[in-house]
Each structure stands twice: as structure tokens, then as C-alpha cells.
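Enquirer: This is entry-v7.cif, which holds mmCIF, C-alpha atoms:
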```cif
data_input
#
loop_
_atom_site.label_atom_id
_atom_site.label_comp_id
_atom_site.auth_asym_id
_atom_site.auth_seq_id
_atom_site.Cartn_x
_atom_site.Cartn_y
_atom_site.Cartn_z
CA ASN G 1 -9.80 0.02 67.36
CA VAL G 2 -6.69 -0.12 65.17
CA GLU G 3 -4.52 0.89 68.11
CA ARG G 4 -6.10 -1.69 70.40
CA PHE G 5 -5.76 -4.49 67.88
CA ALA G 6 -2.16 -3.53 67.10
CA LEU G 7 -1.32 -3.57 70.80
CA ILE G 8 -2.84 -7.05 71.18
CA VAL G 9 -0.77 -8.28 68.23
CA SER G 10 2.30 -6.66 69.82
CA ALA G 11 1.64 -8.54 73.05
CA VAL G 12 1.36 -11.85 71.19
CA CYS G 13 4.56 -11.29 69.21
CA HIS G 14 6.75 -9.15 71.46
CA ASP G 15 9.16 -12.02 72.27
CA ILE G 16 8.80 -14.08 69.10
CA GLY G 17 11.99 -15.91 68.16
CA HIS G 18 13.67 -15.10 71.49
CA PRO G 19 16.93 -17.10 71.78
CA GLY G 20 17.00 -17.11 75.60
CA LEU G 21 19.87 -14.62 75.69
CA ASN G 22 19.63 -10.93 76.55
CA ASN G 23 20.78 -7.89 74.60
CA PRO G 24 23.99 -7.25 76.57
CA PHE G 25 25.11 -10.83 75.88
CA LEU G 26 24.35 -10.48 72.17
CA VAL G 27 26.32 -7.25 72.00
CA GLU G 28 29.22 -8.59 74.09
CA THR G 29 29.58 -11.67 71.88
CA SER G 30 29.03 -9.81 68.58
CA HIS G 31 26.03 -12.00 67.83
CA ASP G 32 24.53 -11.77 64.33
CA LEU G 33 21.51 -9.90 65.73
CA ALA G 34 23.73 -7.31 67.40
CA ILE G 35 25.64 -6.82 64.16
CA ARG G 36 22.44 -6.56 62.13
CA TYR G 37 20.82 -3.99 64.40
CA ASN G 38 23.94 -2.00 65.33
CA ASP G 39 23.84 -3.03 69.03
CA ARG G 40 20.56 -1.15 69.51
CA SER G 41 17.81 -3.29 71.01
CA PRO G 42 18.75 -6.23 68.78
CA LEU G 43 16.15 -8.57 70.29
CA GLU G 44 13.27 -6.13 70.10
CA ASN G 45 14.17 -5.10 66.55
CA MET G 46 14.23 -8.78 65.59
CA HIS G 47 10.84 -9.39 67.22
CA CYS G 48 9.35 -6.52 65.21
CA ALA G 49 10.88 -7.76 61.98
CA ARG G 50 9.67 -11.33 62.57
CA LEU G 51 6.17 -10.07 63.34
CA PHE G 52 5.89 -8.26 60.03
CA GLU G 53 7.51 -11.11 58.12
CA ILE G 54 4.83 -13.43 59.49
CA VAL G 55 1.84 -11.15 58.88
CA SER G 56 3.00 -10.59 55.30
CA GLN G 57 2.25 -14.26 54.59
CA PRO G 58 -1.15 -15.03 52.98
CA LYS G 59 -2.44 -17.26 55.78
CA SER G 60 -1.41 -14.97 58.63
CA GLY G 61 -2.28 -11.53 57.29
CA VAL G 62 -4.00 -10.21 60.39
CA PHE G 63 -3.70 -6.65 59.08
CA ASP G 64 -4.98 -7.42 55.57
CA ASN G 65 -8.36 -5.76 56.13
CA LEU G 66 -6.79 -2.44 57.06
CA ASP G 67 -6.44 0.32 54.51
CA LYS G 68 -3.03 1.86 53.86
CA LYS G 69 -3.38 4.57 56.51
CA GLU G 70 -4.62 2.12 59.14
CA TYR G 71 -1.84 -0.36 58.37
CA LYS G 72 0.76 2.37 58.74
CA GLU G 73 -0.75 3.30 62.11
CA ALA G 74 -0.84 -0.33 63.26
CA ARG G 75 2.76 -0.90 62.20
CA GLN G 76 3.89 2.20 64.06
CA VAL G 77 2.05 1.12 67.23
CA CYS G 78 3.62 -2.36 67.10
CA ILE G 79 7.15 -1.12 66.49
CA GLU G 80 7.00 1.58 69.18
CA ALA G 81 5.49 -0.71 71.79
CA ILE G 82 7.76 -3.69 71.16
CA LEU G 83 10.92 -1.58 71.09
CA HIS G 84 9.92 -0.16 74.47
CA THR G 85 9.95 -3.62 76.03
CA ASP G 86 13.75 -3.32 76.02
CA ASN G 87 14.58 -2.76 79.69
CA VAL G 88 17.01 0.03 78.80
CA HIS G 89 13.89 2.22 78.56
CA HIS G 90 12.47 1.13 81.91
CA PHE G 91 13.62 3.91 84.22
CA ALA G 92 12.84 6.60 81.65
CA MET G 93 9.30 5.20 81.50
CA VAL G 94 9.05 5.35 85.29
CA LYS G 95 10.00 9.03 85.14
CA GLU G 96 7.49 9.62 82.34
CA MET G 97 4.68 8.20 84.45
CA GLN G 98 5.76 10.17 87.50
CA MET G 99 5.86 13.34 85.42
CA LEU G 100 2.45 12.62 83.89
CA TYR G 101 0.98 12.29 87.37
CA GLU G 102 2.73 15.37 88.76
CA MET G 103 1.62 17.58 85.86
CA ASN G 104 -2.01 16.53 86.37
CA SER G 105 -2.03 15.57 90.05
CA ASP G 106 -5.06 17.73 90.86
CA VAL G 107 -7.19 15.72 88.43
CA PHE G 108 -5.72 12.31 89.25
CA ASP G 109 -6.01 12.83 93.02
CA ILE G 110 -9.69 13.79 92.78
CA ILE G 111 -10.43 10.88 90.46
CA LEU G 112 -8.63 8.52 92.84
CA GLN G 113 -10.74 9.63 95.79
CA MET G 114 -13.95 9.36 93.79
CA HIS G 115 -12.95 5.93 92.49
CA GLN G 116 -12.21 4.69 96.01
CA MET G 117 -15.66 5.82 97.13
CA GLY G 118 -17.30 4.17 94.13
CA GLN G 119 -18.49 7.51 92.80
CA VAL G 120 -16.98 7.33 89.32
CA ASP G 121 -16.57 4.76 86.59
CA PHE G 122 -13.05 4.54 85.25
CA PRO G 123 -11.82 6.13 83.07
CA PRO G 124 -13.84 9.34 83.49
CA ARG G 125 -13.88 12.06 80.87
CA GLU G 126 -11.19 14.11 82.63
CA VAL G 127 -8.69 11.24 82.47
CA CYS G 128 -9.63 10.47 78.86
CA ASP G 129 -8.97 14.09 77.94
CA ILE G 130 -5.48 13.92 79.46
CA LEU G 131 -4.51 10.50 78.13
CA GLY G 132 -6.16 11.08 74.75
CA GLU G 133 -3.47 13.48 73.59
CA THR G 134 -1.32 11.95 70.84
CA GLU G 135 1.97 11.75 72.74
CA LYS G 136 0.32 10.59 75.95
CA LYS G 137 -1.54 7.87 74.05
CA LYS G 138 1.81 6.65 72.73
CA THR G 139 3.24 6.72 76.26
CA MET G 140 0.31 4.72 77.60
CA ARG G 141 0.50 2.13 74.81
CA ASN G 142 4.18 1.57 75.45
CA LEU G 143 3.57 1.47 79.18
CA ILE G 144 0.80 -1.12 78.91
CA LEU G 145 2.95 -3.56 76.94
CA HIS G 146 6.06 -3.10 79.09
CA PHE G 147 3.99 -3.31 82.27
CA SER G 148 2.49 -6.56 81.02
CA ASP G 149 5.91 -7.89 80.05
CA ILE G 150 7.25 -7.58 83.60
CA SER G 151 3.97 -8.39 85.33
CA ASN G 152 4.63 -11.81 86.82
CA PRO G 153 5.21 -10.22 90.30
CA LEU G 154 1.67 -8.81 90.04
CA LYS G 155 -0.01 -12.19 89.61
CA PRO G 156 -1.12 -14.72 92.27
CA PHE G 157 1.96 -16.13 93.95
CA HIS G 158 1.83 -19.62 92.42
CA ILE G 159 1.88 -18.03 88.95
CA CYS G 160 4.44 -15.42 89.99
CA LYS G 161 6.74 -18.13 91.35
CA SER G 162 6.40 -20.36 88.29
CA TRP G 163 7.36 -17.57 85.92
CA ALA G 164 10.18 -16.43 88.21
CA TRP G 165 11.71 -19.92 88.19
CA ASN G 166 11.46 -20.02 84.38
CA ILE G 167 13.22 -16.70 83.86
CA ILE G 168 15.86 -17.50 86.49
CA ASP G 169 16.60 -20.79 84.73
CA GLU G 170 17.04 -18.80 81.52
CA PHE G 171 19.41 -16.42 83.29
CA PHE G 172 21.41 -19.32 84.70
CA MET G 173 21.75 -20.95 81.28
CA GLN G 174 23.10 -17.68 79.93
CA GLY G 175 25.43 -17.47 82.92
CA ASP G 176 26.76 -20.93 82.05
CA LYS G 177 27.54 -19.69 78.54
CA GLU G 178 29.24 -16.60 79.97
CA LYS G 179 31.45 -18.84 82.12
CA GLU G 180 32.32 -21.00 79.12
CA LEU G 181 33.27 -17.96 77.06
CA GLY G 182 35.26 -16.36 79.87
CA ILE G 183 33.26 -13.13 79.77
CA THR G 184 31.78 -11.20 82.68
CA ILE G 185 28.86 -13.04 84.26
CA GLN G 186 25.95 -10.63 84.44
CA PRO G 187 24.15 -10.04 87.76
CA LEU G 188 21.52 -12.72 88.49
CA ASN G 189 23.12 -15.16 86.02
CA ASP G 190 25.51 -17.06 88.30
CA ARG G 191 23.75 -20.18 89.55
CA ASP G 192 26.50 -20.69 92.16
CA ARG G 193 25.93 -17.31 93.79
CA VAL G 194 22.36 -16.14 93.22
CA ASN G 195 19.75 -16.82 95.90
CA LYS G 196 16.59 -17.23 93.84
CA PRO G 197 13.94 -15.97 96.31
CA TYR G 198 16.15 -13.08 97.44
CA SER G 199 16.72 -12.05 93.82
CA GLN G 200 12.96 -11.70 93.38
CA VAL G 201 12.70 -9.43 96.41
CA GLY G 202 15.25 -7.12 94.82
CA PHE G 203 13.57 -7.33 91.42
CA ILE G 204 10.26 -6.21 92.87
CA GLU G 205 11.70 -3.62 95.24
CA PHE G 206 13.97 -1.78 92.83
CA PHE G 207 12.53 -2.52 89.39
CA VAL G 208 8.84 -3.42 89.38
CA ALA G 209 7.44 -1.53 92.38
CA PRO G 210 8.47 2.03 91.37
CA PHE G 211 6.94 1.47 87.94
CA ALA G 212 3.80 -0.18 89.30
CA PHE G 213 3.09 2.51 91.86
CA ALA G 214 3.73 5.31 89.36
CA THR G 215 1.22 3.62 87.07
CA VAL G 216 -1.42 3.18 89.78
CA ARG G 217 -1.34 6.90 90.49
CA VAL G 218 -2.60 7.42 86.94
CA LEU G 219 -4.71 4.25 86.64
CA PRO G 220 -6.08 3.65 90.17
CA PRO G 221 -8.15 0.52 89.35
CA LEU G 222 -4.80 -1.27 88.97
CA VAL G 223 -4.26 -1.01 92.72
CA VAL G 224 -5.44 -4.61 92.96
CA LEU G 225 -2.23 -5.55 91.15
CA THR G 226 0.03 -3.64 93.51
CA ASP G 227 -1.79 -5.19 96.47
CA GLN G 228 -0.97 -8.62 95.03
CA MET G 229 2.61 -7.53 94.40
CA MET G 230 3.09 -6.65 98.05
CA GLN G 231 1.63 -10.00 99.11
CA ASN G 232 4.12 -11.67 96.78
CA LEU G 233 6.95 -9.65 98.26
CA HIS G 234 6.13 -11.01 101.71
CA ALA G 235 5.84 -14.51 100.26
CA TRP G 236 9.29 -14.24 98.68
CA CYS G 237 10.66 -13.07 102.01
CA GLU G 238 9.22 -16.16 103.69
CA GLU G 239 10.54 -18.38 100.90
CA TRP G 240 14.00 -16.89 101.32
CA ALA G 241 13.94 -17.41 105.10
CA SER G 242 12.70 -21.01 104.87
CA THR G 243 14.84 -22.32 101.98
CA THR G 244 18.18 -20.55 102.39
CA SER G 245 21.01 -22.69 103.75
CA PRO G 246 22.38 -21.84 106.21
CA PRO G 247 19.21 -20.03 107.36
CA PRO G 248 19.46 -16.23 107.64
CA ASP G 249 19.83 -15.01 111.20
CA GLU G 250 17.31 -12.79 112.93
CA GLU G 251 19.20 -9.61 112.07
CA GLU G 252 19.21 -10.44 108.35
CA ARG G 253 15.52 -11.26 108.44
CA GLN G 254 14.71 -8.01 110.20
CA LYS G 255 16.72 -5.98 107.69
CA LEU G 256 14.76 -7.48 104.82
CA GLN G 257 11.46 -6.97 106.62
CA ASP G 258 12.41 -3.34 107.27
CA ARG G 259 13.02 -2.85 103.55
CA ILE G 260 9.57 -4.20 102.76
CA SER G 261 7.95 -2.07 105.46
CA LYS G 262 9.68 1.01 104.08
CA LEU G 263 8.35 0.24 100.63
CA GLU G 264 4.83 -0.21 101.99
CA ALA G 265 4.99 3.03 103.95
CA LYS G 266 6.21 4.96 100.93
CA PHE G 267 3.95 3.62 98.23
CA VAL G 268 1.02 1.53 99.41
CA PHE G 269 -2.16 3.51 99.87
CA ARG G 270 -5.77 2.55 100.35
CA ASP G 271 -7.19 5.86 101.53
CA GLY G 272 -5.39 8.14 99.12
CA PHE G 273 -1.94 8.94 97.76
#
```
Please express the file's structure as C-alpha cells.
Expert:
Amino acid sequence: NVERFALIVSAVCHDIGHPGLNNPFLVETSHDLAIRYNDRSPLENMHCARLFEIVSQPKSGVFDNLDKKEYKEARQVCIEAILHTDNVHHFAMVKEMQMLYEMNSDVFDIILQMHQMGQVDFPPREVCDILGETEKKKTMRNLILHFSDISNPLKPFHICKSWAWNIIDEFFMQGDKEKELGITIQPLNDRDRVNKPYSQVGFIEFFVAPFAFATVRVLPPLVVLTDQMMQNLHAWCEEWASTTSPPPDEEERQKLQDRISKLEAKFVFRDGF
């Protein structure tokens, strides 16, 4: 219960005080946060610090009913999970999930088949035994928060699109600052060059999808999210084709469709992995 509550608090506070600028920008410009946290996940360290500053106040002491041992556990859960929302950890987390599956594939494959046939409630004892180990629990906690943090491509398209436009606007505002300062404009930040729908296709294809499919192998009920993600990928493709000026030619459209088809063939499964 302490772990669950701490993870919920982490979700609420994981971006608290965010200035709308990313870590590479803070480091490049020698921002106060980068100086304070030695260029290492300055945003995430700040979010953790702000969280515990707030809960130390009398009217917001959400951990006040915990004893010393429980508070220490909750604090550790929050810090670990929030620090792992820094995208520098993303691809290592993908590998962790792939390794977790591969080391226990016999169990996960059987559970997947049974789940698809409605023969087992999830999670069954075998999965709990695997994921209940201390280090694996930590991995799963960190995964859940990071997965949630990048989950807008897994939501119904109208929600997915709304969040995408918000984050792209944030990127563009940072890109404007980068132009003003004469520093390198980071990928996706140049409003004069970035095609918004096309950028979301790439974001899903190269960043979200590998992580999502690695996760579904371990947590098969989440397949409903990857199904939605693939629907969104097709929707972004249509948005790109219909809003880009000049319109992409047939060859360009086919190339993008081939990329999506390749992703579907490699990762999307309904009758087994």
C-alpha cells in the first residue's frame, strides 16, 4: 500500500514546477537548475525536491501518517520513479523490459495464451512471483510512471492529438528561445521546419512503440493500449497526408504506409507473440 500510494503521489507531482524547457536546454544555457544538480536530470531532481518541500508543510503532509520506515520507503519510491521519467533512461528501460520477458518467456507466453482465451485472471500467481522480487518491483514502478508520462499516443485520438499539439507548442517555444540565443535548435523544436503530424508518426514508431510492445509482452492486458496506439498511428498518417502543403506524392505516402505495416507485422499480435 505504501508503494502504491507513493507511486500515485509521484504521478501527481512528477512535473511540478516544470518551466517548459527540457534538460538539454537547461544544461546548454547553464540554467540555475543545471548548476544546482550538476547537469544530471535537473528537471527531475527539481520535481522531487519540490514534492518533498510541499509535503513537509502542515496542510499538505500526505505522508504524515506513515512511520519512519514507511516514509523512507515512500520517499525512495518517489525519487526513483520521478528520476526515471528523464528520457535519458528510456532506451535502457526498453532493454530492461525486453530482458525481463526473455528471461521468463516460458511463463509469460503461457500466461498470454491463457489470458487471450479468458482462462486466467491477471496477474496470476506465476507473474506475481516474478514481478514481486525487490529489483523487479522497482523496475515495474519506474516503468509504470514513465509509461504513463509518455502515454498520450495510447489514448483515444482526440486526446492524443490535443496533448501532442500542447507538447509541440512547448517545443516550438523552446526552439524560439534557441534561435534568439544563437544555440543549436534541437530536433522537433523548429516551427519553420517541423511537420507536426509527421513528427508524431516518428515519435510513436521509434520511441513509444518499442517500449509499449515490450511492456505488453509482460503485461498482456495492456494490449488494448497498443491497439489504440496503432489506430492513432494510422490517424496521424492520414492527418499528415491531408494537411501537408504541398501534399505528399503517392510514393511518399506509400513509404510511410510501408513503415507502419512493418511495425504492425513485427509487433502487433492478437493470437500470440
Enquirer: Between G:Ala6, G:Ala214, G:Leu66, G:Leu154, single out the one closest to G:Ser105, counting only C-alpha atoms.
Expert: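 Ranking G:Ala6, G:Ala214, G:Leu66, G:Leu154 by distance to G:Ser105, first place goes to G:Ala214.
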Enquirer: Interatomic distance between atom CA of G:Lys255 and atom CA of G:Cys237?
Expert: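 According to the coordinates, atom CA of G:Lys255 and atom CA of G:Cys237 are separated by 10.9 Å.
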Enquirer: Spell out the residues picked by the PyMOL selection byres ((chain G and resi 39) around 9) here, as a list in words.
Expert: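 Output from the PyMOL selection byres ((chain G and resi 39) around 9), applied to this file: Asn23, Pro24, Leu26, Val27, Ser30, Leu33, Ala34, Ile35, Arg36, Tyr37, Asn38, Arg40, Ser41 and Pro42 of chain G.
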Enquirer: With only C-alpha atoms as the basis for distance, which of G:His14, G:Arg193, G:His146, G:Lys155 is at the shortest distance from G:Val88?
Expert: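 Once distances to G:Val88 are computed over only C-alpha atoms, the minimum belongs to G:His146.
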Enquirer: State, in Å with one decimal place, the distance from atom CA of G:Thr244 to atom CA of G:Ser199.
Expert: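 Between atom CA of G:Thr244 and atom CA of G:Ser199 the gap is 12.2 Å.
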Enquirer: Which residue is closest to G:Val77? Choose from G:Glu126, G:Met93, G:Phe5, G:Pro19 and count all atoms listed in the file.
Expert: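 Answer, going by the shortest atom-to-atom distance: G:Phe5.
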Enquirer: Name every residue that the PyMOL selection byres ((chain G and resi 186) around 12) selects in this structure, writing the answer as a VMD selection string with chains first and numbers rising.
Expert: chain G and resid 21 to 25 28 171 to 179 182 to 185 187 to 191 193 to 194
Enquirer: Evaluate the PyMOL selection byres ((chain G and resi 107-122) around 10) and record the selected residues as a list of chain:residue names, following the chain and residue labels used in the document.
Expert: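 That expression, the PyMOL selection byres ((chain G and resi 107-122) around 10), corresponds here to G:Leu100, G:Tyr101, G:Glu102, G:Met103, G:Asn104, G:Ser105, G:Asp106, G:Pro123, G:Pro124, G:Arg125, G:Glu126, G:Val127, G:Cys128, G:Ile130, G:Val216, G:Arg217, G:Val218, G:Leu219, G:Pro220, G:Pro221, G:Arg270, G:Asp271, G:Gly272, G:Phe273.
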Enquirer: Determine the axis-aligned bounding box of all atoms of stretch 11-23 of chain G present in the file, pad each side by 4 Å, and express its centre and edge lengths in Å to one decimal place as JSON.
Expert:
```
{"center_x": 11.1, "center_y": -12.5, "center_z": 72.4, "size_x": 27.4, "size_y": 17.2, "size_z": 16.4}
```
Enquirer: Please determine, counting only C-alpha atoms, which residue among G:Leu145, G:Val62, G:Ala49, G:Ile8 has the shortest atom-to-atom distance to G:His84.
Expert: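 Using only C-alpha atoms, the shortest distance to G:His84 belongs to G:Leu145.
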Enquirer: Any idea what's packed within 9 Å of G:His47, counting only C-alpha atoms, ignoring anything in its chain fewer than 2 positions away? Could you give it as an NGL selection string?
Expert: :G and (13-18 or 42-45 or 49-52 or 82-83)
Enquirer: Can you tell me how far atom CA of G:His89 sits from atom CA of G:Met140, in Å to one decimal?
Expert: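 Atom-to-atom, atom CA of G:His89 to atom CA of G:Met140, that is 13.8 Å.
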Enquirer: Go through G:Val94, G:Ala164, G:Ala11, G:Ala235 one by one, measure the shortest atom-to-atom distance of each to G:Lys196 using only C-alpha atoms, and give the residue with the smallest value.
Expert: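 For G:Lys196, the nearest of the candidates is G:Ala164.
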Enquirer: Nearest to G:Phe267: which of G:Gln57, G:Phe63, G:Thr226, G:Phe157 is it, counting all atoms listed in the file?
Expert: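 When distances to G:Phe267 are compared using all atoms listed in the file, the smallest one comes from G:Thr226.
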Enquirer: Starting from the incomplete input, reconstruct N, CA and C atoms of stretch 1-36 of chain G and report them as a PDB file, in the frame of the given file.
Expert:
```pdb
ATOM      1  N   ASN G   1      -9.780   1.467  67.551  1.00  0.00           N
ATOM      2  CA  ASN G   1      -9.800   0.020  67.360  1.00  0.00           C
ATOM      3  C   ASN G   1      -8.516  -0.491  66.727  1.00  0.00           C
ATOM      4  N   VAL G   2      -7.954   0.273  65.796  1.00  0.00           N
ATOM      5  CA  VAL G   2      -6.690  -0.120  65.170  1.00  0.00           C
ATOM      6  C   VAL G   2      -5.583  -0.162  66.212  1.00  0.00           C
ATOM      7  N   GLU G   3      -5.536   0.855  67.058  1.00  0.00           N
ATOM      8  CA  GLU G   3      -4.520   0.890  68.110  1.00  0.00           C
ATOM      9  C   GLU G   3      -4.652  -0.297  69.056  1.00  0.00           C
ATOM     10  N   ARG G   4      -5.870  -0.583  69.463  1.00  0.00           N
ATOM     11  CA  ARG G   4      -6.100  -1.690  70.400  1.00  0.00           C
ATOM     12  C   ARG G   4      -5.683  -3.020  69.779  1.00  0.00           C
ATOM     13  N   PHE G   5      -6.100  -3.229  68.539  1.00  0.00           N
ATOM     14  CA  PHE G   5      -5.760  -4.490  67.880  1.00  0.00           C
ATOM     15  C   PHE G   5      -4.254  -4.605  67.701  1.00  0.00           C
ATOM     16  N   ALA G   6      -3.614  -3.511  67.290  1.00  0.00           N
ATOM     17  CA  ALA G   6      -2.160  -3.530  67.100  1.00  0.00           C
ATOM     18  C   ALA G   6      -1.438  -3.835  68.399  1.00  0.00           C
ATOM     19  N   LEU G   7      -1.961  -3.324  69.512  1.00  0.00           N
ATOM     20  CA  LEU G   7      -1.320  -3.570  70.800  1.00  0.00           C
ATOM     21  C   LEU G   7      -1.490  -5.037  71.215  1.00  0.00           C
ATOM     22  N   ILE G   8      -2.640  -5.622  70.899  1.00  0.00           N
ATOM     23  CA  ILE G   8      -2.840  -7.050  71.180  1.00  0.00           C
ATOM     24  C   ILE G   8      -1.860  -7.888  70.362  1.00  0.00           C
ATOM     25  N   VAL G   9      -1.719  -7.555  69.081  1.00  0.00           N
ATOM     26  CA  VAL G   9      -0.770  -8.280  68.230  1.00  0.00           C
ATOM     27  C   VAL G   9       0.651  -8.110  68.772  1.00  0.00           C
ATOM     28  N   SER G  10       0.975  -6.914  69.234  1.00  0.00           N
ATOM     29  CA  SER G  10       2.300  -6.660  69.820  1.00  0.00           C
ATOM     30  C   SER G  10       2.534  -7.550  71.028  1.00  0.00           C
ATOM     31  N   ALA G  11       1.510  -7.699  71.854  1.00  0.00           N
ATOM     32  CA  ALA G  11       1.640  -8.540  73.050  1.00  0.00           C
ATOM     33  C   ALA G  11       1.895  -9.993  72.658  1.00  0.00           C
ATOM     34  N   VAL G  12       1.192 -10.466  71.638  1.00  0.00           N
ATOM     35  CA  VAL G  12       1.360 -11.850  71.190  1.00  0.00           C
ATOM     36  C   VAL G  12       2.780 -12.083  70.665  1.00  0.00           C
ATOM     37  N   CYS G  13       3.319 -11.089  69.970  1.00  0.00           N
ATOM     38  CA  CYS G  13       4.560 -11.290  69.210  1.00  0.00           C
ATOM     39  C   CYS G  13       5.789 -10.615  69.812  1.00  0.00           C
ATOM     40  N   HIS G  14       5.666 -10.004  70.982  1.00  0.00           N
ATOM     41  CA  HIS G  14       6.750  -9.150  71.460  1.00  0.00           C
ATOM     42  C   HIS G  14       8.034  -9.904  71.790  1.00  0.00           C
ATOM     43  N   ASP G  15       7.958 -11.227  71.979  1.00  0.00           N
ATOM     44  CA  ASP G  15       9.160 -12.020  72.270  1.00  0.00           C
ATOM     45  C   ASP G  15       9.364 -13.133  71.240  1.00  0.00           C
ATOM     46  N   ILE G  16       8.744 -13.009  70.095  1.00  0.00           N
ATOM     47  CA  ILE G  16       8.800 -14.080  69.100  1.00  0.00           C
ATOM     48  C   ILE G  16      10.239 -14.316  68.633  1.00  0.00           C
ATOM     49  N   GLY G  17      10.634 -15.576  68.603  1.00  0.00           N
ATOM     50  CA  GLY G  17      11.990 -15.910  68.160  1.00  0.00           C
ATOM     51  C   GLY G  17      13.070 -15.654  69.192  1.00  0.00           C
ATOM     52  N   HIS G  18      12.682 -15.425  70.447  1.00  0.00           N
ATOM     53  CA  HIS G  18      13.670 -15.100  71.490  1.00  0.00           C
ATOM     54  C   HIS G  18      14.638 -16.275  71.690  1.00  0.00           C
ATOM     55  N   PRO G  19      15.948 -16.012  71.660  1.00  0.00           N
ATOM     56  CA  PRO G  19      16.930 -17.100  71.780  1.00  0.00           C
ATOM     57  C   PRO G  19      17.282 -17.487  73.207  1.00  0.00           C
ATOM     58  N   GLY G  20      16.670 -16.812  74.210  1.00  0.00           N
ATOM     59  CA  GLY G  20      17.000 -17.110  75.600  1.00  0.00           C
ATOM     60  C   GLY G  20      18.262 -16.420  76.079  1.00  0.00           C
ATOM     61  N   LEU G  21      18.684 -15.408  75.353  1.00  0.00           N
ATOM     62  CA  LEU G  21      19.870 -14.620  75.690  1.00  0.00           C
ATOM     63  C   LEU G  21      19.473 -13.152  75.648  1.00  0.00           C
ATOM     64  N   ASN G  22      20.058 -12.327  76.528  1.00  0.00           N
ATOM     65  CA  ASN G  22      19.630 -10.930  76.550  1.00  0.00           C
ATOM     66  C   ASN G  22      20.501 -10.055  75.647  1.00  0.00           C
ATOM     67  N   ASN G  23      20.081  -8.806  75.496  1.00  0.00           N
ATOM     68  CA  ASN G  23      20.780  -7.890  74.600  1.00  0.00           C
ATOM     69  C   ASN G  23      22.244  -7.670  74.963  1.00  0.00           C
ATOM     70  N   PRO G  24      22.573  -7.434  76.245  1.00  0.00           N
ATOM     71  CA  PRO G  24      23.990  -7.250  76.570  1.00  0.00           C
ATOM     72  C   PRO G  24      24.862  -8.432  76.165  1.00  0.00           C
ATOM     73  N   PHE G  25      24.348  -9.647  76.305  1.00  0.00           N
ATOM     74  CA  PHE G  25      25.110 -10.830  75.880  1.00  0.00           C
ATOM     75  C   PHE G  25      25.297 -10.814  74.369  1.00  0.00           C
ATOM     76  N   LEU G  26      24.244 -10.506  73.627  1.00  0.00           N
ATOM     77  CA  LEU G  26      24.350 -10.480  72.170  1.00  0.00           C
ATOM     78  C   LEU G  26      25.373  -9.446  71.712  1.00  0.00           C
ATOM     79  N   VAL G  27      25.361  -8.296  72.360  1.00  0.00           N
ATOM     80  CA  VAL G  27      26.320  -7.250  72.000  1.00  0.00           C
ATOM     81  C   VAL G  27      27.735  -7.658  72.384  1.00  0.00           C
ATOM     82  N   GLU G  28      27.897  -8.188  73.600  1.00  0.00           N
ATOM     83  CA  GLU G  28      29.220  -8.590  74.090  1.00  0.00           C
ATOM     84  C   GLU G  28      29.854  -9.647  73.208  1.00  0.00           C
ATOM     85  N   THR G  29      29.052 -10.553  72.676  1.00  0.00           N
ATOM     86  CA  THR G  29      29.580 -11.670  71.880  1.00  0.00           C
ATOM     87  C   THR G  29      29.515 -11.400  70.380  1.00  0.00           C
ATOM     88  N   SER G  30      29.144 -10.174  70.005  1.00  0.00           N
ATOM     89  CA  SER G  30      29.030  -9.810  68.580  1.00  0.00           C
ATOM     90  C   SER G  30      28.135 -10.794  67.821  1.00  0.00           C
ATOM     91  N   HIS G  31      27.020 -11.110  68.438  1.00  0.00           N
ATOM     92  CA  HIS G  31      26.030 -12.000  67.830  1.00  0.00           C
ATOM     93  C   HIS G  31      25.505 -11.392  66.527  1.00  0.00           C
ATOM     94  N   ASP G  32      25.048 -12.247  65.621  1.00  0.00           N
ATOM     95  CA  ASP G  32      24.530 -11.770  64.330  1.00  0.00           C
ATOM     96  C   ASP G  32      23.444 -10.712  64.506  1.00  0.00           C
ATOM     97  N   LEU G  33      22.571 -10.881  65.514  1.00  0.00           N
ATOM     98  CA  LEU G  33      21.510  -9.900  65.730  1.00  0.00           C
ATOM     99  C   LEU G  33      22.065  -8.552  66.155  1.00  0.00           C
ATOM    100  N   ALA G  34      23.102  -8.565  66.979  1.00  0.00           N
ATOM    101  CA  ALA G  34      23.730  -7.310  67.400  1.00  0.00           C
ATOM    102  C   ALA G  34      24.383  -6.615  66.214  1.00  0.00           C
ATOM    103  N   ILE G  35      25.021  -7.392  65.355  1.00  0.00           N
ATOM    104  CA  ILE G  35      25.640  -6.820  64.160  1.00  0.00           C
ATOM    105  C   ILE G  35      24.568  -6.238  63.244  1.00  0.00           C
ATOM    106  N   ARG G  36      23.495  -6.987  63.051  1.00  0.00           N
ATOM    107  CA  ARG G  36      22.440  -6.560  62.130  1.00  0.00           C
ATOM    108  C   ARG G  36      21.766  -5.278  62.587  1.00  0.00           C
TER     109      ARG G  36
END
```
